[in-house]
file final02.tsv (TSV, C-alpha atoms and all ligand atoms)
chain	number	residue	atom	x	y	z
A	19	MET	CA	-9.55	-2.70	17.64
A	20	ILE	CA	-6.64	-0.41	16.82
A	21	GLN	CA	-6.12	2.70	18.90
A	22	VAL	CA	-3.27	5.09	18.20
A	23	THR	CA	-2.67	8.10	20.42
A	24	ASP	CA	-0.17	10.89	19.81
A	25	LEU	CA	2.18	8.50	18.10
A	26	GLN	CA	5.55	9.97	17.33
A	27	LYS	CA	8.81	8.70	15.90
A	28	GLN	CA	12.05	10.57	15.64
A	29	PHE	CA	15.10	9.12	13.97
A	30	LYS	CA	18.45	10.29	15.27
A	31	THR	CA	21.25	10.08	12.77
A	32	LEU	CA	24.83	11.15	13.29
A	33	ARG	CA	25.86	14.20	11.32
A	34	LYS	CA	28.84	13.15	9.22
A	35	LYS	CA	32.16	14.93	9.65
A	36	GLU	CA	34.28	15.78	6.63
A	37	GLY	CA	37.98	15.09	6.18
A	38	ALA	CA	40.50	12.28	6.69
A	39	ALA	CA	39.61	11.56	10.32
A	40	GLY	CA	35.92	12.26	9.59
A	41	GLY	CA	34.83	8.72	10.28
A	42	LEU	CA	36.34	8.69	13.72
A	43	ARG	CA	35.15	12.17	14.53
A	44	THR	CA	31.64	11.22	13.39
A	45	LEU	CA	31.75	8.27	15.74
A	46	LEU	CA	32.90	10.34	18.70
A	47	SER	CA	30.75	13.38	18.16
A	48	ARG	CA	27.38	13.92	19.77
A	49	ASP	CA	26.24	15.87	16.79
A	50	TYR	CA	22.91	14.23	16.03
A	51	GLN	CA	20.47	15.19	13.43
A	52	VAL	CA	16.88	14.55	14.45
A	53	LYS	CA	14.34	13.64	11.83
A	54	GLU	CA	10.72	13.52	12.83
A	55	ALA	CA	9.20	10.78	10.66
A	56	VAL	CA	5.85	10.63	12.46
A	57	GLY	CA	4.82	13.75	14.32
A	58	GLY	CA	2.10	12.86	16.79
A	59	ILE	CA	-0.79	11.15	15.05
A	60	SER	CA	-3.98	9.72	16.53
A	61	PHE	CA	-6.66	7.52	15.03
A	62	ALA	CA	-8.80	4.50	15.77
A	63	ILE	CA	-9.78	1.65	13.48
A	64	GLU	CA	-12.84	-0.51	14.12
A	65	PRO	CA	-13.12	-4.23	13.34
A	66	GLY	CA	-13.87	-4.91	9.70
A	67	GLU	CA	-12.76	-1.51	8.41
A	68	PHE	CA	-10.70	-1.18	5.24
A	69	VAL	CA	-8.65	1.98	5.60
A	70	GLY	CA	-6.39	3.54	2.98
A	71	TYR	CA	-3.26	5.33	4.13
A	72	ILE	CA	-1.81	7.67	1.54
A	73	GLY	CA	0.76	10.43	1.23
A	74	PRO	CA	3.88	11.38	-0.73
A	75	ASN	CA	7.16	9.49	-0.42
A	76	GLY	CA	8.80	10.03	2.92
A	77	ALA	CA	5.54	11.15	4.55
A	78	GLY	CA	5.83	8.61	7.38
A	79	LYS	CA	3.53	5.79	6.22
A	80	SER	CA	5.94	2.86	6.55
A	81	THR	CA	7.24	4.18	9.86
A	82	THR	CA	3.65	4.28	11.18
A	83	ILE	CA	3.02	0.71	10.07
A	84	LYS	CA	6.26	-0.51	11.60
A	85	MET	CA	5.26	1.03	14.93
A	86	LEU	CA	1.78	-0.49	14.73
A	87	ALA	CA	3.30	-3.89	14.04
A	88	GLY	CA	5.78	-3.61	16.91
A	89	ILE	CA	8.80	-3.58	14.59
A	90	LEU	CA	9.82	-0.06	15.63
A	91	HIS	CA	9.50	1.50	19.05
A	92	PRO	CA	7.70	4.83	19.12
A	93	THR	CA	9.58	7.83	20.49
A	94	SER	CA	6.35	8.72	22.30
A	95	GLY	CA	2.66	7.99	22.20
A	96	THR	CA	0.80	4.71	22.40
A	97	VAL	CA	-0.47	1.96	20.17
A	98	SER	CA	-3.05	-0.53	21.27
A	99	ILE	CA	-3.99	-3.53	19.15
A	100	CYS	CA	-6.93	-5.50	20.55
A	101	GLY	CA	-6.09	-3.95	23.91
A	102	MET	CA	-2.43	-5.01	23.78
A	103	SER	CA	0.77	-3.11	23.21
A	104	PRO	CA	2.64	-4.36	20.13
A	105	HIS	CA	5.92	-3.58	21.90
A	106	ARG	CA	5.36	-5.07	25.31
A	107	GLU	CA	3.29	-8.02	24.08
A	108	ARG	CA	4.82	-8.52	20.68
A	109	ARG	CA	4.28	-12.26	20.43
A	110	ARG	CA	0.62	-12.14	21.40
A	111	VAL	CA	-0.03	-9.20	19.09
A	112	THR	CA	1.79	-10.89	16.22
A	113	ARG	CA	-0.73	-13.71	16.31
A	114	ARG	CA	-3.50	-11.26	15.52
A	115	LEU	CA	-1.52	-9.42	12.82
A	116	GLY	CA	-0.50	-10.08	9.25
A	117	VAL	CA	2.05	-7.65	7.88
A	118	LEU	CA	3.31	-7.20	4.33
A	119	PHE	CA	5.93	-4.84	2.97
A	120	GLY	CA	5.59	-4.88	-0.80
A	121	GLN	CA	9.06	-3.45	-1.33
A	122	ARG	CA	10.73	-6.53	0.07
A	123	THR	CA	9.68	-10.09	0.51
A	124	GLY	CA	9.15	-11.68	3.89
A	125	LEU	CA	9.96	-15.07	2.40
A	126	TRP	CA	13.24	-16.93	2.10
A	127	TRP	CA	14.75	-15.99	-1.22
A	128	ASP	CA	16.38	-19.28	-2.17
A	129	LEU	CA	13.77	-21.65	-0.79
A	130	PRO	CA	10.70	-22.98	-2.54
A	131	VAL	CA	7.64	-20.98	-1.49
A	132	LYS	CA	6.22	-24.00	0.34
A	133	ASP	CA	9.31	-24.26	2.57
A	134	SER	CA	8.87	-20.66	3.68
A	135	TYR	CA	5.31	-21.46	4.72
A	136	ASP	CA	6.52	-24.47	6.67
A	137	ILE	CA	9.03	-22.32	8.53
A	138	LEU	CA	6.44	-19.62	9.25
A	139	ALA	CA	3.92	-22.18	10.47
A	140	ALA	CA	6.56	-23.63	12.79
A	141	MET	CA	7.34	-20.13	14.07
A	142	TYR	CA	3.67	-19.56	14.86
A	143	GLY	CA	3.48	-22.99	16.45
A	144	GLN	CA	0.75	-23.88	14.01
A	145	ASP	CA	-0.55	-27.42	13.94
A	146	ASN	CA	0.38	-29.21	10.72
A	147	ARG	CA	-3.16	-30.15	9.79
A	148	VAL	CA	-4.43	-26.63	10.42
A	149	LYS	CA	-1.60	-25.26	8.31
A	150	GLU	CA	-2.33	-27.57	5.37
A	151	THR	CA	-6.04	-26.75	5.41
A	152	ARG	CA	-5.28	-23.07	5.61
A	153	LEU	CA	-2.72	-23.30	2.82
A	154	ALA	CA	-5.16	-25.17	0.60
A	155	GLN	CA	-7.70	-22.35	1.04
A	156	LEU	CA	-5.16	-19.63	0.36
A	157	SER	CA	-3.76	-21.58	-2.54
A	158	GLU	CA	-7.15	-21.68	-4.17
A	159	LEU	CA	-7.89	-18.01	-3.61
A	160	LEU	CA	-4.44	-16.78	-4.69
A	161	ALA	CA	-3.61	-19.49	-7.25
A	162	LEU	CA	-0.40	-20.44	-5.46
A	163	GLY	CA	-0.30	-23.89	-7.06
A	164	GLU	CA	1.54	-22.79	-10.17
A	165	PHE	CA	4.63	-21.73	-8.22
A	166	ILE	CA	4.47	-23.26	-4.75
A	167	ASP	CA	7.55	-25.43	-5.40
A	168	THR	CA	9.52	-22.64	-7.08
A	169	PRO	CA	12.21	-20.70	-5.20
A	170	VAL	CA	11.06	-17.19	-4.38
A	171	ARG	CA	13.85	-15.60	-6.41
A	172	LYS	CA	12.43	-17.13	-9.58
A	173	LEU	CA	8.90	-15.76	-9.15
A	174	SER	CA	7.47	-12.88	-11.13
A	175	LEU	CA	6.67	-9.83	-9.05
A	176	GLY	CA	2.93	-10.62	-9.17
A	177	GLN	CA	3.52	-14.19	-8.02
A	178	ARG	CA	5.90	-13.02	-5.31
A	179	MET	CA	3.31	-10.57	-4.01
A	180	ARG	CA	0.62	-13.29	-3.90
A	181	ALA	CA	3.06	-15.57	-2.10
A	182	ASP	CA	3.79	-12.81	0.42
A	183	ILE	CA	0.10	-12.09	0.98
A	184	ALA	CA	-0.50	-15.77	1.68
A	185	ALA	CA	2.41	-15.72	4.13
A	186	ALA	CA	0.85	-12.78	5.96
A	187	LEU	CA	-2.43	-14.66	6.23
A	188	LEU	CA	-1.14	-18.14	7.01
A	189	HIS	CA	-1.79	-17.86	10.75
A	190	ASP	CA	-5.27	-16.44	10.11
A	191	PRO	CA	-4.84	-12.99	11.66
A	192	ASP	CA	-7.81	-10.62	12.11
A	193	ILE	CA	-5.79	-7.56	11.14
A	194	LEU	CA	-3.67	-6.91	8.07
A	195	PHE	CA	-1.17	-4.13	7.56
A	196	LEU	CA	-0.29	-3.93	3.88
A	197	ASP	CA	2.44	-1.53	2.85
A	198	GLU	CA	2.35	-1.13	-0.94
A	199	PRO	CA	1.00	-4.57	-1.87
A	200	THR	CA	0.45	-3.53	-5.50
A	201	ILE	CA	3.71	-1.68	-6.10
A	202	GLY	CA	5.18	-2.38	-9.53
A	203	LEU	CA	2.40	-4.77	-10.58
A	204	ASP	CA	0.63	-4.72	-13.93
A	205	MET	CA	-3.12	-4.13	-14.20
A	206	ILE	CA	-4.04	-7.81	-14.19
A	207	ALA	CA	-1.92	-8.66	-11.15
A	208	LYS	CA	-3.30	-5.59	-9.37
A	209	ARG	CA	-6.83	-6.64	-10.15
A	210	SER	CA	-6.35	-10.14	-8.77
A	211	ILE	CA	-4.86	-8.79	-5.56
A	212	ARG	CA	-7.64	-6.23	-5.20
A	213	ASN	CA	-10.30	-8.88	-5.68
A	214	PHE	CA	-8.67	-11.04	-3.07
A	215	LEU	CA	-8.41	-8.19	-0.55
A	216	LYS	CA	-12.01	-7.18	-1.17
A	217	GLN	CA	-13.09	-10.74	-0.54
A	218	ILE	CA	-11.22	-11.24	2.72
A	219	ASN	CA	-12.50	-7.89	3.98
A	220	CYS	CA	-16.15	-8.38	2.98
A	221	GLU	CA	-16.55	-12.10	3.52
A	222	LEU	CA	-14.10	-12.85	6.29
A	223	GLY	CA	-14.31	-9.49	8.03
A	224	LYS	CA	-10.55	-8.89	8.10
A	225	THR	CA	-9.56	-5.41	9.25
A	226	ILE	CA	-7.14	-3.89	6.76
A	227	LEU	CA	-4.86	-0.87	6.72
A	228	LEU	CA	-3.47	-0.34	3.23
A	229	THR	CA	-0.72	1.91	1.96
A	230	THR	CA	-0.54	2.44	-1.78
A	231	HIS	CA	0.42	4.83	-4.54
A	232	ASP	CA	-2.45	3.65	-6.65
A	233	MET	CA	-5.55	5.78	-6.24
A	234	ASP	CA	-7.60	3.03	-7.92
A	235	ASP	CA	-6.67	0.67	-5.07
A	236	ILE	CA	-8.02	3.22	-2.64
A	237	GLU	CA	-11.19	3.94	-4.54
A	238	GLN	CA	-12.04	0.34	-5.18
A	239	LEU	CA	-11.24	-0.95	-1.74
A	240	CYS	CA	-11.39	1.66	0.98
A	241	LYS	CA	-14.34	3.48	2.41
A	242	ARG	CA	-12.06	5.52	4.61
A	243	VAL	CA	-8.79	7.26	3.83
A	244	MET	CA	-6.13	8.86	5.98
A	245	VAL	CA	-3.69	11.27	4.38
A	246	ILE	CA	-0.29	11.86	5.94
A	247	ASN	CA	2.34	14.41	5.01
A	248	HIS	CA	5.49	15.32	6.92
A	249	GLY	CA	4.39	12.98	9.69
A	250	LYS	CA	1.06	14.70	10.31
A	251	LEU	CA	-2.44	13.50	9.46
A	252	GLY	CA	-4.17	16.10	7.32
A	253	PHE	CA	-7.29	14.16	6.48
A	254	ASP	CA	-9.15	11.25	8.00
A	255	GLY	CA	-12.56	10.56	6.55
A	256	SER	CA	-14.56	8.87	3.88
A	257	ILE	CA	-13.33	8.59	0.33
A	258	ASP	CA	-16.48	10.47	-0.69
A	259	ARG	CA	-15.58	13.38	1.52
A	260	LEU	CA	-12.02	13.44	0.13
A	261	ARG	CA	-13.41	13.35	-3.38
A	262	SER	CA	-15.82	16.19	-2.81
A	263	ARG	CA	-13.07	18.17	-1.14
A	264	ILE	CA	-10.44	17.87	-3.84
A	265	GLY	CA	-12.12	16.35	-6.87
A	266	LEU	CA	-9.61	13.53	-7.47
A	267	PRO	CA	-8.88	14.22	-11.13
A	268	THR	CA	-7.60	11.41	-13.31
A	269	LYS	CA	-5.15	11.96	-16.11
A	270	ILE	CA	-5.23	9.50	-18.98
A	271	ARG	CA	-2.83	9.40	-21.90
A	272	VAL	CA	-4.04	7.47	-24.93
A	273	CYS	CA	-2.05	6.67	-28.02
A	274	TYR	CA	-4.11	5.93	-31.12
A	275	ALA	CA	-3.14	3.54	-33.92
A	276	SER	CA	-3.45	6.32	-36.43
A	277	GLN	CA	-3.67	10.07	-36.48
A	278	VAL	CA	-6.84	11.37	-34.84
A	279	PRO	CA	-8.44	14.62	-35.97
A	280	PRO	CA	-7.45	17.68	-33.95
A	281	CYS	CA	-9.59	17.43	-30.88
A	282	GLY	CA	-11.35	20.69	-30.49
A	283	SER	CA	-14.36	18.61	-29.55
A	284	LEU	CA	-14.06	15.55	-27.37
A	285	PRO	CA	-16.95	13.08	-27.43
A	286	ASP	CA	-18.11	14.10	-23.97
A	287	THR	CA	-18.01	17.29	-21.97
A	288	ARG	CA	-16.81	15.38	-18.92
A	289	LEU	CA	-13.46	14.88	-20.68
A	290	GLN	CA	-11.02	17.74	-20.80
A	291	LEU	CA	-8.18	17.87	-23.28
A	292	ILE	CA	-4.83	18.69	-21.72
A	293	SER	CA	-2.66	18.23	-24.77
A	294	GLN	CA	-2.40	16.55	-28.14
A	295	GLU	CA	0.90	15.51	-29.65
A	296	GLY	CA	0.58	13.55	-32.87
A	297	ARG	CA	-1.37	10.40	-32.13
A	298	THR	CA	-1.26	10.92	-28.37
A	299	LEU	CA	-3.96	12.68	-26.40
A	300	THR	CA	-3.72	13.57	-22.75
A	301	ILE	CA	-7.10	13.91	-21.13
A	302	SER	CA	-8.26	14.71	-17.66
A	303	CYS	CA	-11.57	13.81	-16.11
A	304	ASN	CA	-13.09	13.88	-12.67
A	305	ARG	CA	-13.40	10.47	-11.07
A	306	GLU	CA	-16.56	11.63	-9.40
A	307	GLU	CA	-18.27	12.08	-12.76
A	308	LEU	CA	-16.59	9.44	-14.86
A	309	SER	CA	-14.70	6.24	-14.13
A	310	ALA	CA	-11.52	5.51	-16.02
A	311	MET	CA	-13.27	2.66	-17.83
A	312	GLU	CA	-16.10	4.91	-18.97
A	313	ALA	CA	-13.59	7.50	-20.10
A	314	LEU	CA	-11.78	4.91	-22.18
A	315	ARG	CA	-15.00	3.74	-23.76
A	316	LEU	CA	-15.70	7.32	-24.82
A	317	LEU	CA	-12.17	7.81	-26.11
A	318	GLU	CA	-12.48	4.68	-28.26
A	319	GLN	CA	-14.99	6.58	-30.37
A	320	LEU	CA	-12.14	8.68	-31.75
A	321	GLY	CA	-10.13	5.76	-33.13
A	322	ILE	CA	-8.39	2.52	-32.35
A	323	ILE	CA	-6.47	2.84	-29.09
A	324	GLU	CA	-3.03	1.30	-29.14
A	325	ASP	CA	-1.77	2.18	-25.70
A	326	VAL	CA	-3.17	3.67	-22.53
A	327	HIS	CA	-1.30	5.23	-19.69
A	328	MET	CA	-2.92	6.25	-16.42
A	329	GLU	CA	-0.93	8.95	-14.74
A	330	GLU	CA	-0.20	8.29	-11.09
A	331	PRO	CA	-2.16	10.61	-8.87
A	332	ASP	CA	-0.09	13.51	-7.86
A	333	PHE	CA	0.00	13.12	-4.11
A	334	GLU	CA	1.77	16.44	-3.82
A	335	ASP	CA	-1.33	17.99	-5.42
A	336	ILE	CA	-3.74	16.12	-3.20
A	337	VAL	CA	-1.73	17.00	-0.15
A	338	HIS	CA	-1.37	20.61	-1.20
A	339	GLN	CA	-5.13	20.94	-1.37
A	340	ILE	CA	-5.61	19.38	2.02
A	341	TYR	CA	-2.94	21.04	4.14
A	401	LIG	P1	6.88	6.64	3.56
A	401	LIG	O1	6.67	5.20	3.88
A	401	LIG	O2	5.66	7.48	3.77
A	401	LIG	O3	7.48	6.86	2.21
A	401	LIG	P2	8.81	6.47	5.75
A	401	LIG	O4	7.96	6.19	6.92
A	401	LIG	O5	9.55	5.35	5.15
A	401	LIG	O6	7.94	7.21	4.62
A	401	LIG	O7	9.88	7.60	6.12
A	401	LIG	C1	9.50	8.81	6.76
A	401	LIG	C2	10.75	9.65	6.97
A	401	LIG	O8	11.59	9.04	7.93
A	401	LIG	C3	11.60	9.83	5.73
A	401	LIG	O9	12.11	11.13	5.73
A	401	LIG	C4	12.71	8.82	5.90
A	401	LIG	O10	13.87	9.23	5.25
A	401	LIG	C5	12.87	8.78	7.41
A	401	LIG	N1	13.32	7.47	7.87
A	401	LIG	C6	12.64	6.31	7.74
A	401	LIG	N2	13.32	5.28	8.31
A	401	LIG	C7	14.46	5.82	8.82
A	401	LIG	C8	15.59	5.29	9.54
A	401	LIG	N3	15.66	3.99	9.87
A	401	LIG	N4	16.56	6.15	9.90
A	401	LIG	C9	16.50	7.45	9.61
A	401	LIG	N5	15.48	8.03	8.94
A	401	LIG	C10	14.46	7.23	8.55
A	402	MG	MG	6.99	3.54	2.65
call {"tool": "encode", "arguments": {"input": "final02.tsv", "output": "structure tokens", "more": "lines below"}}
Ligand code: ADP
Ligand code: MG
result
Amino acid sequence: MIQVTDLQKQFKTLRKKEGAAGGLRTLLSRDYQVKEAVGGISFAIEPGEFVGYIGPNGAGKSTTIKMLAGILHPTSGTVSICGMSPHRERRRVTRRLGVLFGQRTGLWWDLPVKDSYDILAAMYGQDNRVKETRLAQLSELLALGEFIDTPVRKLSLGQRMRADIAAALLHDPDILFLDEPTIGLDMIAKRSIRNFLKQINCELGKTILLTTHDMDDIEQLCKRVMVINHGKLGFDGSIDRLRSRIGLPTKIRVCYASQVPPCGSLPDTRLQLISQEGRTLTISCNREELSAMEALRLLEQLGIIEDVHMEEPDFEDIVHQIY
């Protein structure tokens, strides 16, 4: 369904000149700096797959997605989406694709959410009745009703993300490219988005490529993961294989309501103590042996938990172990 071969993207930026006439000299000079954002990657994605795409900041994830979606032209290499080139046949490919960039909305900031959908439907040449039916379905699944008449700028981040996901799905594409759809969201908002994505993948067979910083997203949703660093793929395989290769440790920081006894002995050997400062314990455990929820249940035995903080996975660590 998606076939990527030797895909490469270099960005050329002008090297800035110093001094009073620097601006002009920068403009006239041919002194380019070349940055290789994606350095020749190849992969294929089959219909119905849910693939996670992870790596540190600046690794080349968004650039890859932009090339797959036909937003950026590759420096070299090819992309084929359902047998078509997203660059040469952008309009036809766009009909099959839903794209979301979590960092910025694809909706019109000052318009009510509904108006954005009307504009998008018109852009896709979607029949009004089809659009309304589709919107009613999405509205039910994503609970859009509570804010559909509100301007986008007044939405909470969680609402905005749901509105954007609906926008990406309005024309009923088979393929979704989601770049950080859970960024900045709280646990509850993340959970509702995960449930929705799981549903459209399992029940509707949507093919999904997902970029995220949240390892829980990956573990709960993706059977397959690709890891990119400095524009190169270092791993492409099942989440189980990644786990057995690097362990995927979780770090959990819990703050108790009152002082807990010095923890020479944790309630379970699968929990390792990293540090204890006053009422706060930092624990690590292996996701393979113990889920975060199970770990929390065990930690509750030590006292009343006031606050929990899951440390973000250290992609540098993951990447270091892979490359
Ligand atoms: P990621 O999404 O993995 O964080 P990106 O794909 O956004 O990474 O960026 C990869 C690299 O390419 C980074 O070093 C970034 O600074 C650079 N880059 C991205 N877009 C541009 C651009 N338009 N011009 C110049 N450099 C860019
Ligand atoms: Mg990015």
call {"tool": "residues_around", "arguments": {"input": "final02.tsv", "residues": "Thr230 (chain A)", "least_positions_apart": "3", "cutoff": "10 Å", "atoms": "only C-alpha atoms", "output": "PyMOL selection string"}}
result
chain A and resi 70-73+79+120+196-201+233-236
call {"tool": "write_last_selection", "arguments": {"input": "final02.tsv", "atoms": "C-alpha atoms", "output": "PDB file, keeping the file's coordinate frame"}}
result
ATOM      1  CA  GLY A  70      -6.390   3.540   2.980  1.00  0.00           C
ATOM      2  CA  TYR A  71      -3.260   5.330   4.130  1.00  0.00           C
ATOM      3  CA  ILE A  72      -1.810   7.670   1.540  1.00  0.00           C
ATOM      4  CA  GLY A  73       0.760  10.430   1.230  1.00  0.00           C
ATOM      5  CA  LYS A  79       3.530   5.790   6.220  1.00  0.00           C
ATOM      6  CA  GLY A 120       5.590  -4.880  -0.800  1.00  0.00           C
ATOM      7  CA  LEU A 196      -0.290  -3.930   3.880  1.00  0.00           C
ATOM      8  CA  ASP A 197       2.440  -1.530   2.850  1.00  0.00           C
ATOM      9  CA  GLU A 198       2.350  -1.130  -0.940  1.00  0.00           C
ATOM     10  CA  PRO A 199       1.000  -4.570  -1.870  1.00  0.00           C
ATOM     11  CA  THR A 200       0.450  -3.530  -5.500  1.00  0.00           C
ATOM     12  CA  ILE A 201       3.710  -1.680  -6.100  1.00  0.00           C
ATOM     13  CA  MET A 233      -5.550   5.780  -6.240  1.00  0.00           C
ATOM     14  CA  ASP A 234      -7.600   3.030  -7.920  1.00  0.00           C
ATOM     15  CA  ASP A 235      -6.670   0.670  -5.070  1.00  0.00           C
ATOM     16  CA  ILE A 236      -8.020   3.220  -2.640  1.00  0.00           C
TER      17      ILE A 236
END
call {"tool": "residues_near_ligand", "arguments": {"input": "final02.tsv", "ligand": "ligand LIG 401 (chain A)", "cutoff": "6 Å", "atoms": "all atoms listed in the file", "output": "PyMOL selection string"}}
result
chain A and resi 29+55+75-81
call {"tool": "closest_residue", "arguments": {"input": "final02.tsv", "among": "A:His231, A:His189, A:Arg113, A:Lys216", "to": "ligand MG 402 (chain A)", "atoms": "only C-alpha atoms and all ligand atoms"}}
result
A:His231
call {"tool": "residues_around", "arguments": {"input": "final02.tsv", "residues": "Ala310 (chain A)", "least_positions_apart": "5", "cutoff": "9 Å", "atoms": "only C-alpha atoms", "output": "mmCIF file with C-alpha atoms, in the frame of the given file"}}
result
data_model
loop_
_atom_site.group_PDB
_atom_site.id
_atom_site.type_symbol
_atom_site.label_atom_id
_atom_site.label_comp_id
_atom_site.auth_asym_id
_atom_site.auth_seq_id
_atom_site.Cartn_x
_atom_site.Cartn_y
_atom_site.Cartn_z
ATOM 1 C CA THR A 268 -7.600 11.410 -13.310
ATOM 2 C CA ILE A 270 -5.230 9.500 -18.980
ATOM 3 C CA CYS A 303 -11.570 13.810 -16.110
ATOM 4 C CA ARG A 305 -13.400 10.470 -11.070
ATOM 5 C CA ARG A 315 -15.000 3.740 -23.760
ATOM 6 C CA MET A 328 -2.920 6.250 -16.420
#
call {"tool": "residues_around", "arguments": {"input": "final02.tsv", "residues": "region 137-142 of chain A", "least_positions_apart": "2", "cutoff": "10 Å", "atoms": "only C-alpha atoms", "output": "MDAnalysis selection string"}}
result
chainID A and resid 109 112:113 124:126 132:135 144:146 148:150 185:186 188:189
call {"tool": "closest_residue", "arguments": {"input": "final02.tsv", "among": "A:Pro104, A:Leu90, A:Pro65, A:Gly40", "to": "Gln28 (chain A)", "atoms": "all atoms listed in the file"}}
result
A:Leu90
call {"tool": "residues_around", "arguments": {"input": "final02.tsv", "residues": "Val69 (chain A)", "least_positions_apart": "2", "cutoff": "6 Å", "atoms": "only C-alpha atoms", "output": "ChimeraX atom specification"}}
result
/A:227,240,242-243
call {"tool": "write_last_selection", "arguments": {"input": "final02.tsv", "atoms": "C-alpha atoms", "output": "mmCIF file, in the coordinates of the input"}}
result
data_model
loop_
_atom_site.group_PDB
_atom_site.id
_atom_site.type_symbol
_atom_site.label_atom_id
_atom_site.label_comp_id
_atom_site.auth_asym_id
_atom_site.auth_seq_id
_atom_site.Cartn_x
_atom_site.Cartn_y
_atom_site.Cartn_z
ATOM 1 C CA LEU A 227 -4.860 -0.870 6.720
ATOM 2 C CA CYS A 240 -11.390 1.660 0.980
ATOM 3 C CA ARG A 242 -12.060 5.520 4.610
ATOM 4 C CA VAL A 243 -8.790 7.260 3.830
#
